[in-house]
Amino acid sequence: MNADSVTGSFVLNGERKTVAYPEHHTLLEVLREECGLPGTKHGCELGECGTCTVLIEGVPVLSCLVLARQCEDQAIETVEGLESAEGLHPLQVAFADLGAAQCGYCTPGILVTAKALLAANASPTSAEIDEALSGNLCRCTGYRKITEAVDLAAARLRGEDRALPSLSELCGHPHGDHSHE
Amino acid sequence: MKNFDYARPQDVQSAAAALGKAKGSRPKGGGTDLITLMKSGVLTPPLVVDLASIPGLSGVSRLETGHFRVGATTTIAEVAEHPELARVARVLTDAAATTATPLVRNRGTVGGNLCQRPRCWYFRNLDYVCSKKGGQTCYAAEGENKYHAIFENVTCNIVHPSNLAPALWALDATIHVAGPTGEKSIPVADFWVRPEEDISTENVLEAGEVITGVSFAPEGASTGSAYHEVREKQSYDWALVNAAVRLDFEGEVVKEARIVVSAVAPIPLRLEACEKILKGQKFSDALAEAAGKAASGGATPLRDNAYKVHLIEKCVKNTILDAARRAKVRSGEPR
């Protein structure tokens with residue numbers, strides 16, 4: 001431990017965590033390097049892209065702009081905290097079902113931002129989903145599927161039995177007509 | 001990011017004392033601007049004094065005078081979503097709601113928004129020792145200046161980045177400050193410093209002084225206010241031009257007008273010439289058009305930003321129309 005290290009303690013994904021880290025490090029750096037949770041990504045480092053988003057006390061914030069020192073005793077949730085004993089979180093299942101990830105680099109930030117949205121609003125409209133996710137950039141521009149996946153997860157969390165779109169619908173062939181192939 | 005000492009005082013006096021001790025120390029609200037400046041090396045404070053955990057510095061309250069007070073560390077999200085503020089200070093909640101992204105608004109604070117540094121790419125790039133960083137040259141004057149000033153751009157071509165600033169000025173707000181010598185209140189109109197007065201800063205705060213909050217009178221029964229900004233992207237962008245307008249009516253006549261624009265000069269600008277066109281006149285679309293036209297008076301655009309001259313005229317006109325429409329709706333409401 002170097003001279004500038006401090007010891008901090010917070011509640012990470014439901015479990016009390018005490019770690020030593022360089023005093024000037026951001027929460028993002030401490031999560032990835034000292035806590036061994038690389039799910040949260042380094043992106044722009046300037047608050048523009050949203051891929052480093054985590055929940056602090058349930059509120060989505062940019063961990064690249066939060067000093068770890070500020071997080072003493074706070075509850076922090078990362079993408080690694082979404083999965084439970086019952087399996088993947090319904091948001092993760094919906095993203096997988098609909099193929100709402102291309103390169104996947106923005107996905108951890110989007111999943112936790114969407115989780116906070118659904119905690120506050122169980123039935124968001126497409127416009128409300130887009131607004132809530134407007135700080136999370138997807139370089140692959142897969143926004144439409146992302147919005148649809150959040151909508152599907154919200155429906156399932158409300159207990160609705162919504163059928164998945166068929167493969168042909170997902171591939172842009174609404175009538176299943178593959179005759180030109 | 002270079003290492004620094006970190007202090008988390010529990011009261012404003014301790015914060016001011018800590019900041020006064022080490023030269024170059026910086027107060028921190030949400031950190032959404034400060035941390036980016038520290039990462040780029042433009043700021044290398046020996047000490048960061050976190051105001052975030054000082055009790056009583058956050059939140060919206062109503063004072064005995066009937067005025068509203070918004071604490072310095074109140075988040076921009078809290079302002080944007082505050083139902084009572086939306087009724088009494090719509091110009092402010094509109095401005096807050098357009099700020100950056102939801103993720104920035106969840107952390108960024110009112111005090112930090114007012115004190116954020118300019119987005120000029122020469123200022124933010126360490127390779128350019130521009131006049132604002134102690135050099136001899138404003139590189140924007142002859143360089144890439146699409147997003148720079150069209151007014152008062154003599155010494156330095158930055159535009160002021162705060163979008164809450166014009167909104168608070170339209171409300172004739174007061175900025176409350178605490179420092180080593182005690183507390184003081186500064187009318188928002190007197191808060192700004194032109195580059196010609198001191199190129200190293202954008203406001204009157206001295207070392208050790210921090211904003212503790214802002215306060216303003218609620219809008220009256222015949223008042224309408226609005227904030228508009230024009231930008232290139234829907235999300236995470238700074239205004240190309242913006243306008244904040246408050247209109248007080250007596251029947252159909254404009255009794256009082258406050259028109260403030262920003263993103264067009266090194267500090268926010270109150271446009272008294274536009275206000276004069278409206279004041280004492282029966283309101284009409286043509287009157288709003290004439291006031292909008294006057295908004296570009298005296299503009300001195302640079303090579304790449306003449307488009308802002310046109311934008312500021314339209315933005316001021318549309319914001320006036322929106323404020324007048326809201327005043328009309330409000331005066332039609334049962335009291």
# chains A, B, ... in the order shown; residues from 1 in each chain; ligands from 1

call {"tool": "interface_residues", "arguments": {"of": "chain A", "to": "chain B", "cutoff": "6 Å", "atoms": "only C-alpha atoms", "output": "PDB file with N, CA, C and O atoms, in the first residue's frame"}}
result
ATOM      1  N   HIS A  24      -6.956   9.510  -4.562  1.00  0.00           N
ATOM      2  CA  HIS A  24      -7.535  10.347  -5.619  1.00  0.00           C
ATOM      3  C   HIS A  24      -8.261   9.532  -6.681  1.00  0.00           C
ATOM      4  O   HIS A  24      -8.645  10.084  -7.708  1.00  0.00           O
ATOM      5  N   LEU A  46     -15.211  11.511 -19.219  1.00  0.00           N
ATOM      6  CA  LEU A  46     -15.598  12.918 -19.098  1.00  0.00           C
ATOM      7  C   LEU A  46     -17.090  13.101 -18.849  1.00  0.00           C
ATOM      8  O   LEU A  46     -17.597  14.217 -18.882  1.00  0.00           O
ATOM      9  N   VAL A  61     -25.553   7.214 -11.660  1.00  0.00           N
ATOM     10  CA  VAL A  61     -24.561   8.297 -11.763  1.00  0.00           C
ATOM     11  C   VAL A  61     -23.329   7.775 -12.517  1.00  0.00           C
ATOM     12  O   VAL A  61     -23.131   6.573 -12.673  1.00  0.00           O
ATOM     13  N   LEU A  65     -16.805  10.110 -12.726  1.00  0.00           N
ATOM     14  CA  LEU A  65     -16.744  11.477 -12.191  1.00  0.00           C
ATOM     15  C   LEU A  65     -17.031  11.512 -10.695  1.00  0.00           C
ATOM     16  O   LEU A  65     -17.207  12.587 -10.125  1.00  0.00           O
ATOM     17  N   GLY A 135     -28.472   9.595 -21.606  1.00  0.00           N
ATOM     18  CA  GLY A 135     -27.074   9.827 -21.253  1.00  0.00           C
ATOM     19  C   GLY A 135     -26.191   8.619 -21.508  1.00  0.00           C
ATOM     20  O   GLY A 135     -25.019   8.624 -21.142  1.00  0.00           O
TER      21      GLY A 135
END

call {"tool": "residues_around", "arguments": {"residues": "segment 113-126 of chain B", "least_positions_apart": "4", "cutoff": "8 Å", "atoms": "only C-alpha atoms", "output": "number ranges by chain"}}
result
B: 33-34, 37, 40-42, 108-109, 130, 132-133, 139-140, 147-148, 158-165, 202-203

call {"tool": "residues_around", "arguments": {"residues": "Gly224 of chain B", "least_positions_apart": "6", "cutoff": "7 Å", "atoms": "only C-alpha atoms", "output": "list in words"}}
result
Arg246, Leu247, Asp248, Ala323, Ala324, Arg326 and Ala327 of chain B

call {"tool": "write_last_selection", "arguments": {"atoms": "N, CA and C atoms", "output": "short mmCIF file (atom, residue, chain, number, x, y, z; two decimals), in the first residue's frame"}}
result
data_model
loop_
_atom_site.label_atom_id
_atom_site.label_comp_id
_atom_site.auth_asym_id
_atom_site.auth_seq_id
_atom_site.Cartn_x
_atom_site.Cartn_y
_atom_site.Cartn_z
N ARG B 246 -38.49 36.62 -18.68
CA ARG B 246 -39.60 36.76 -17.73
C ARG B 246 -40.39 37.99 -18.11
N LEU B 247 -41.69 37.84 -18.26
CA LEU B 247 -42.56 38.96 -18.61
C LEU B 247 -43.65 39.11 -17.55
N ASP B 248 -43.81 40.36 -17.05
CA ASP B 248 -44.92 40.65 -16.13
C ASP B 248 -45.93 41.50 -16.89
N ALA B 323 -43.02 32.74 -23.10
CA ALA B 323 -43.26 33.37 -21.79
C ALA B 323 -44.62 34.09 -21.79
N ALA B 324 -44.93 34.77 -22.89
CA ALA B 324 -46.21 35.49 -22.99
C ALA B 324 -47.38 34.52 -22.98
N ARG B 326 -47.46 31.62 -21.58
CA ARG B 326 -47.61 31.08 -20.22
C ARG B 326 -48.26 32.11 -19.28
N ALA B 327 -47.92 33.39 -19.45
CA ALA B 327 -48.55 34.43 -18.62
C ALA B 327 -50.05 34.46 -18.89
#

call {"tool": "closest_residue", "arguments": {"among": "A:Glu57, A:Val11, A:Glu160, A:Val112", "to": "Glu83 of chain A", "atoms": "only C-alpha atoms"}}
result
A:Val112

call {"tool": "select_by_dssp", "arguments": {"residues": "chain A", "states": "strand (DSSP E or B)", "output": "JSON, numbers by chain"}}
result
{"A": [5, 6, 7, 8, 9, 10, 11, 12, 15, 16, 17, 18, 19, 20, 21, 22, 26, 53, 54, 55, 56, 59, 60, 61, 62, 67, 75, 76, 77, 84, 87]}

call {"tool": "residues_around", "arguments": {"residues": "segment 85-89 of chain B", "least_positions_apart": "3", "cutoff": "7 Å", "atoms": "only C-alpha atoms", "output": "VMD selection string"}}
result
chain B and resid 82 92 to 93 218 to 219

call {"tool": "write_last_selection", "arguments": {"atoms": "N, CA and C atoms", "output": "compact mmCIF listing (two decimals), in the first residue's frame"}}
result
# COMPACT_ATOMS: atom_id res chain seq x y z
N HIS B 82 -38.81 19.58 -9.57
CA HIS B 82 -39.48 20.13 -8.39
C HIS B 82 -40.81 20.76 -8.78
N LEU B 92 -36.44 28.54 -14.63
CA LEU B 92 -35.35 27.81 -13.98
C LEU B 92 -35.51 26.30 -14.15
N THR B 93 -36.73 25.79 -13.96
CA THR B 93 -36.92 24.34 -14.08
C THR B 93 -36.75 23.90 -15.55
N PRO B 218 -40.98 34.44 -6.07
CA PRO B 218 -41.80 33.63 -6.98
C PRO B 218 -42.46 34.50 -8.03
N GLU B 219 -42.75 33.90 -9.17
CA GLU B 219 -43.44 34.64 -10.22
C GLU B 219 -44.84 35.04 -9.74

call {"tool": "residues_around", "arguments": {"residues": "Gly251 of chain B", "least_positions_apart": "4", "cutoff": "10 Å", "atoms": "only C-alpha atoms", "output": "PyMOL selection string"}}
result
chain B and resi 222+255+282-283+328+331

call {"tool": "residues_around", "arguments": {"residues": "Val261 of chain B", "least_positions_apart": "6", "cutoff": "8 Å", "atoms": "only C-alpha atoms", "output": "number ranges by chain"}}
result
B: 166, 241-244, 268-271, 316

call {"tool": "write_last_selection", "arguments": {"atoms": "N, CA, C and O atoms", "output": "short mmCIF file (atom, residue, chain, number, x, y, z; two decimals), in the first residue's frame"}}
result
data_model
loop_
_atom_site.label_atom_id
_atom_site.label_comp_id
_atom_site.auth_asym_id
_atom_site.auth_seq_id
_atom_site.Cartn_x
_atom_site.Cartn_y
_atom_site.Cartn_z
N PRO B 166 -28.53 32.40 -17.00
CA PRO B 166 -29.52 33.32 -17.57
C PRO B 166 -30.91 33.16 -16.93
O PRO B 166 -31.63 34.14 -16.74
N VAL B 241 -26.85 28.88 -28.61
CA VAL B 241 -27.37 30.14 -28.05
C VAL B 241 -28.47 29.74 -27.06
O VAL B 241 -29.06 28.66 -27.19
N ASN B 242 -28.73 30.57 -26.08
CA ASN B 242 -29.89 30.33 -25.22
C ASN B 242 -30.48 31.67 -24.78
O ASN B 242 -29.85 32.72 -24.91
N ALA B 243 -31.72 31.61 -24.32
CA ALA B 243 -32.40 32.82 -23.87
C ALA B 243 -33.32 32.48 -22.70
O ALA B 243 -33.96 31.43 -22.69
N ALA B 244 -33.34 33.38 -21.72
CA ALA B 244 -34.24 33.25 -20.57
C ALA B 244 -35.06 34.54 -20.49
O ALA B 244 -34.49 35.63 -20.55
N PRO B 268 -22.93 35.90 -19.17
CA PRO B 268 -24.33 36.05 -19.60
C PRO B 268 -24.63 37.54 -19.84
O PRO B 268 -24.03 38.40 -19.21
N LEU B 269 -25.55 37.83 -20.75
CA LEU B 269 -25.84 39.23 -21.10
C LEU B 269 -27.32 39.53 -20.92
O LEU B 269 -28.18 38.81 -21.45
N ARG B 270 -27.61 40.60 -20.21
CA ARG B 270 -28.98 41.09 -20.16
C ARG B 270 -29.18 42.04 -21.34
O ARG B 270 -28.38 42.96 -21.55
N LEU B 271 -30.26 41.83 -22.11
CA LEU B 271 -30.49 42.64 -23.31
C LEU B 271 -31.54 43.71 -23.02
O LEU B 271 -32.73 43.54 -23.29
N VAL B 316 -34.53 34.38 -29.05
CA VAL B 316 -35.12 35.39 -28.16
C VAL B 316 -36.61 35.56 -28.50
O VAL B 316 -37.46 35.59 -27.61
#

call {"tool": "residues_around", "arguments": {"residues": "Ala68 of chain A", "least_positions_apart": "6", "cutoff": "7 Å", "atoms": "only C-alpha atoms", "output": "mmCIF file with all heavy atoms, in the first residue's frame"}}
result
data_model
loop_
_atom_site.group_PDB
_atom_site.id
_atom_site.type_symbol
_atom_site.label_atom_id
_atom_site.label_comp_id
_atom_site.auth_asym_id
_atom_site.auth_seq_id
_atom_site.Cartn_x
_atom_site.Cartn_y
_atom_site.Cartn_z
ATOM 1 N N HIS A 25 -8.448 8.239 -6.466
ATOM 2 C CA HIS A 25 -9.072 7.437 -7.518
ATOM 3 C C HIS A 25 -10.591 7.616 -7.573
ATOM 4 O O HIS A 25 -11.250 7.875 -6.575
ATOM 5 C CB HIS A 25 -8.717 5.960 -7.333
ATOM 6 C CG HIS A 25 -7.433 5.600 -8.016
ATOM 7 N ND1 HIS A 25 -7.078 4.325 -8.337
ATOM 8 C CD2 HIS A 25 -6.417 6.394 -8.467
ATOM 9 C CE1 HIS A 25 -5.907 4.322 -8.943
ATOM 10 N NE2 HIS A 25 -5.474 5.564 -9.029
ATOM 11 N N THR A 26 -11.099 7.463 -8.792
ATOM 12 C CA THR A 26 -12.549 7.546 -8.977
ATOM 13 C C THR A 26 -13.192 6.229 -8.539
ATOM 14 O O THR A 26 -12.529 5.196 -8.445
ATOM 15 C CB THR A 26 -12.901 7.803 -10.452
ATOM 16 O OG1 THR A 26 -12.433 6.697 -11.227
ATOM 17 C CG2 THR A 26 -12.283 9.103 -10.958
ATOM 18 N N LEU A 27 -14.490 6.292 -8.342
ATOM 19 C CA LEU A 27 -15.229 5.074 -7.993
ATOM 20 C C LEU A 27 -15.038 4.010 -9.072
ATOM 21 O O LEU A 27 -14.870 2.828 -8.782
ATOM 22 C CB LEU A 27 -16.714 5.418 -7.819
ATOM 23 C CG LEU A 27 -17.639 4.234 -7.558
ATOM 24 C CD1 LEU A 27 -17.264 3.503 -6.277
ATOM 25 C CD2 LEU A 27 -19.100 4.709 -7.488
ATOM 26 N N VAL A 30 -11.773 2.227 -8.616
ATOM 27 C CA VAL A 30 -11.768 1.365 -7.433
ATOM 28 C C VAL A 30 -12.633 0.120 -7.664
ATOM 29 O O VAL A 30 -12.267 -0.988 -7.272
ATOM 30 C CB VAL A 30 -12.227 2.164 -6.193
ATOM 31 C CG1 VAL A 30 -12.404 1.250 -4.987
ATOM 32 C CG2 VAL A 30 -11.209 3.262 -5.882
#

call {"tool": "closest_residue", "arguments": {"among": "B:Val188, B:Ala265, B:Ala80, B:Ala257", "to": "Ala291 of chain B", "atoms": "only C-alpha atoms"}}
result
B:Ala257

call {"tool": "closest_residue", "arguments": {"among": "A:Lys145, A:Arg69, A:His42, A:Arg158", "to": "Val6 of chain A", "atoms": "only C-alpha atoms"}}
result
A:Arg69

call {"tool": "decode", "arguments": {"residues": "segment 84-96 of chain A", "atoms": "all heavy atoms", "output": "PDB file, in the first residue's frame"}}
result
ATOM      1  N   SER A  84     -29.296 -12.638  -9.597  1.00  0.00           N
ATOM      2  CA  SER A  84     -29.608 -13.100  -8.242  1.00  0.00           C
ATOM      3  C   SER A  84     -29.640 -14.631  -8.232  1.00  0.00           C
ATOM      4  O   SER A  84     -29.369 -15.273  -9.251  1.00  0.00           O
ATOM      5  CB  SER A  84     -30.969 -12.552  -7.802  1.00  0.00           C
ATOM      6  OG  SER A  84     -31.989 -13.148  -8.572  1.00  0.00           O
ATOM      7  N   ALA A  85     -30.008 -15.200  -7.076  1.00  0.00           N
ATOM      8  CA  ALA A  85     -30.065 -16.660  -6.965  1.00  0.00           C
ATOM      9  C   ALA A  85     -31.071 -17.234  -7.967  1.00  0.00           C
ATOM     10  O   ALA A  85     -30.945 -18.381  -8.414  1.00  0.00           O
ATOM     11  CB  ALA A  85     -30.454 -17.057  -5.541  1.00  0.00           C
ATOM     12  N   GLU A  86     -32.068 -16.428  -8.342  1.00  0.00           N
ATOM     13  CA  GLU A  86     -33.078 -16.915  -9.304  1.00  0.00           C
ATOM     14  C   GLU A  86     -32.567 -16.870 -10.741  1.00  0.00           C
ATOM     15  O   GLU A  86     -33.251 -17.303 -11.656  1.00  0.00           O
ATOM     16  CB  GLU A  86     -34.364 -16.090  -9.210  1.00  0.00           C
ATOM     17  CG  GLU A  86     -35.198 -16.345  -7.964  1.00  0.00           C
ATOM     18  CD  GLU A  86     -34.898 -15.344  -6.866  1.00  0.00           C
ATOM     19  OE1 GLU A  86     -35.224 -14.169  -7.024  1.00  0.00           O
ATOM     20  OE2 GLU A  86     -34.288 -15.757  -5.859  1.00  0.00           O
ATOM     21  N   GLY A  87     -31.402 -16.276 -10.930  1.00  0.00           N
ATOM     22  CA  GLY A  87     -30.861 -16.198 -12.291  1.00  0.00           C
ATOM     23  C   GLY A  87     -30.669 -14.775 -12.737  1.00  0.00           C
ATOM     24  O   GLY A  87     -30.598 -13.861 -11.903  1.00  0.00           O
ATOM     25  N   LEU A  88     -30.595 -14.588 -14.047  1.00  0.00           N
ATOM     26  CA  LEU A  88     -30.376 -13.257 -14.588  1.00  0.00           C
ATOM     27  C   LEU A  88     -31.565 -12.342 -14.267  1.00  0.00           C
ATOM     28  O   LEU A  88     -32.702 -12.809 -14.117  1.00  0.00           O
ATOM     29  CB  LEU A  88     -30.188 -13.320 -16.110  1.00  0.00           C
ATOM     30  CG  LEU A  88     -28.913 -14.007 -16.627  1.00  0.00           C
ATOM     31  CD1 LEU A  88     -28.941 -14.055 -18.160  1.00  0.00           C
ATOM     32  CD2 LEU A  88     -27.667 -13.283 -16.132  1.00  0.00           C
ATOM     33  N   HIS A  89     -31.296 -11.058 -14.192  1.00  0.00           N
ATOM     34  CA  HIS A  89     -32.361 -10.068 -13.987  1.00  0.00           C
ATOM     35  C   HIS A  89     -33.242 -10.027 -15.250  1.00  0.00           C
ATOM     36  O   HIS A  89     -32.737 -10.222 -16.360  1.00  0.00           O
ATOM     37  CB  HIS A  89     -31.701  -8.705 -13.745  1.00  0.00           C
ATOM     38  CG  HIS A  89     -32.654  -7.639 -13.328  1.00  0.00           C
ATOM     39  ND1 HIS A  89     -33.420  -6.937 -14.239  1.00  0.00           N
ATOM     40  CD2 HIS A  89     -32.962  -7.140 -12.102  1.00  0.00           C
ATOM     41  CE1 HIS A  89     -34.158  -6.040 -13.580  1.00  0.00           C
ATOM     42  NE2 HIS A  89     -33.908  -6.148 -12.293  1.00  0.00           N
ATOM     43  N   PRO A  90     -34.537  -9.794 -15.099  1.00  0.00           N
ATOM     44  CA  PRO A  90     -35.420  -9.734 -16.278  1.00  0.00           C
ATOM     45  C   PRO A  90     -34.912  -8.773 -17.362  1.00  0.00           C
ATOM     46  O   PRO A  90     -35.144  -9.017 -18.561  1.00  0.00           O
ATOM     47  CB  PRO A  90     -36.749  -9.240 -15.686  1.00  0.00           C
ATOM     48  CG  PRO A  90     -36.723  -9.735 -14.272  1.00  0.00           C
ATOM     49  CD  PRO A  90     -35.288  -9.693 -13.843  1.00  0.00           C
ATOM     50  N   LEU A  91     -34.215  -7.707 -16.978  1.00  0.00           N
ATOM     51  CA  LEU A  91     -33.648  -6.809 -17.998  1.00  0.00           C
ATOM     52  C   LEU A  91     -32.577  -7.540 -18.811  1.00  0.00           C
ATOM     53  O   LEU A  91     -32.524  -7.428 -20.037  1.00  0.00           O
ATOM     54  CB  LEU A  91     -33.032  -5.573 -17.333  1.00  0.00           C
ATOM     55  CG  LEU A  91     -33.992  -4.411 -17.038  1.00  0.00           C
ATOM     56  CD1 LEU A  91     -33.362  -3.464 -16.011  1.00  0.00           C
ATOM     57  CD2 LEU A  91     -34.359  -3.653 -18.310  1.00  0.00           C
ATOM     58  N   GLN A  92     -31.744  -8.307 -18.113  1.00  0.00           N
ATOM     59  CA  GLN A  92     -30.690  -9.039 -18.820  1.00  0.00           C
ATOM     60  C   GLN A  92     -31.296 -10.080 -19.758  1.00  0.00           C
ATOM     61  O   GLN A  92     -30.845 -10.256 -20.892  1.00  0.00           O
ATOM     62  CB  GLN A  92     -29.754  -9.710 -17.802  1.00  0.00           C
ATOM     63  CG  GLN A  92     -28.941  -8.701 -16.992  1.00  0.00           C
ATOM     64  CD  GLN A  92     -28.181  -9.344 -15.849  1.00  0.00           C
ATOM     65  OE1 GLN A  92     -28.781 -10.013 -15.011  1.00  0.00           O
ATOM     66  NE2 GLN A  92     -26.871  -9.128 -15.795  1.00  0.00           N
ATOM     67  N   VAL A  93     -32.347 -10.762 -19.270  1.00  0.00           N
ATOM     68  CA  VAL A  93     -33.012 -11.774 -20.100  1.00  0.00           C
ATOM     69  C   VAL A  93     -33.615 -11.130 -21.342  1.00  0.00           C
ATOM     70  O   VAL A  93     -33.470 -11.624 -22.471  1.00  0.00           O
ATOM     71  CB  VAL A  93     -34.102 -12.508 -19.285  1.00  0.00           C
ATOM     72  CG1 VAL A  93     -34.858 -13.502 -20.164  1.00  0.00           C
ATOM     73  CG2 VAL A  93     -33.481 -13.214 -18.076  1.00  0.00           C
ATOM     74  N   ALA A  94     -34.274  -9.981 -21.144  1.00  0.00           N
ATOM     75  CA  ALA A  94     -34.916  -9.303 -22.274  1.00  0.00           C
ATOM     76  C   ALA A  94     -33.865  -8.822 -23.278  1.00  0.00           C
ATOM     77  O   ALA A  94     -34.075  -8.911 -24.499  1.00  0.00           O
ATOM     78  CB  ALA A  94     -35.750  -8.124 -21.768  1.00  0.00           C
ATOM     79  N   PHE A  95     -32.730  -8.306 -22.788  1.00  0.00           N
ATOM     80  CA  PHE A  95     -31.672  -7.867 -23.701  1.00  0.00           C
ATOM     81  C   PHE A  95     -31.148  -9.055 -24.510  1.00  0.00           C
ATOM     82  O   PHE A  95     -30.874  -8.933 -25.711  1.00  0.00           O
ATOM     83  CB  PHE A  95     -30.520  -7.194 -22.930  1.00  0.00           C
ATOM     84  CG  PHE A  95     -30.711  -5.708 -22.746  1.00  0.00           C
ATOM     85  CD1 PHE A  95     -31.778  -5.203 -22.028  1.00  0.00           C
ATOM     86  CD2 PHE A  95     -29.814  -4.806 -23.307  1.00  0.00           C
ATOM     87  CE1 PHE A  95     -31.967  -3.838 -21.863  1.00  0.00           C
ATOM     88  CE2 PHE A  95     -29.998  -3.433 -23.153  1.00  0.00           C
ATOM     89  CZ  PHE A  95     -31.071  -2.948 -22.430  1.00  0.00           C
ATOM     90  N   ALA A  96     -31.023 -10.217 -23.854  1.00  0.00           N
ATOM     91  CA  ALA A  96     -30.549 -11.405 -24.568  1.00  0.00           C
ATOM     92  C   ALA A  96     -31.606 -11.895 -25.556  1.00  0.00           C
ATOM     93  O   ALA A  96     -31.307 -12.216 -26.709  1.00  0.00           O
ATOM     94  CB  ALA A  96     -30.205 -12.509 -23.560  1.00  0.00           C
TER      95      ALA A  96
END
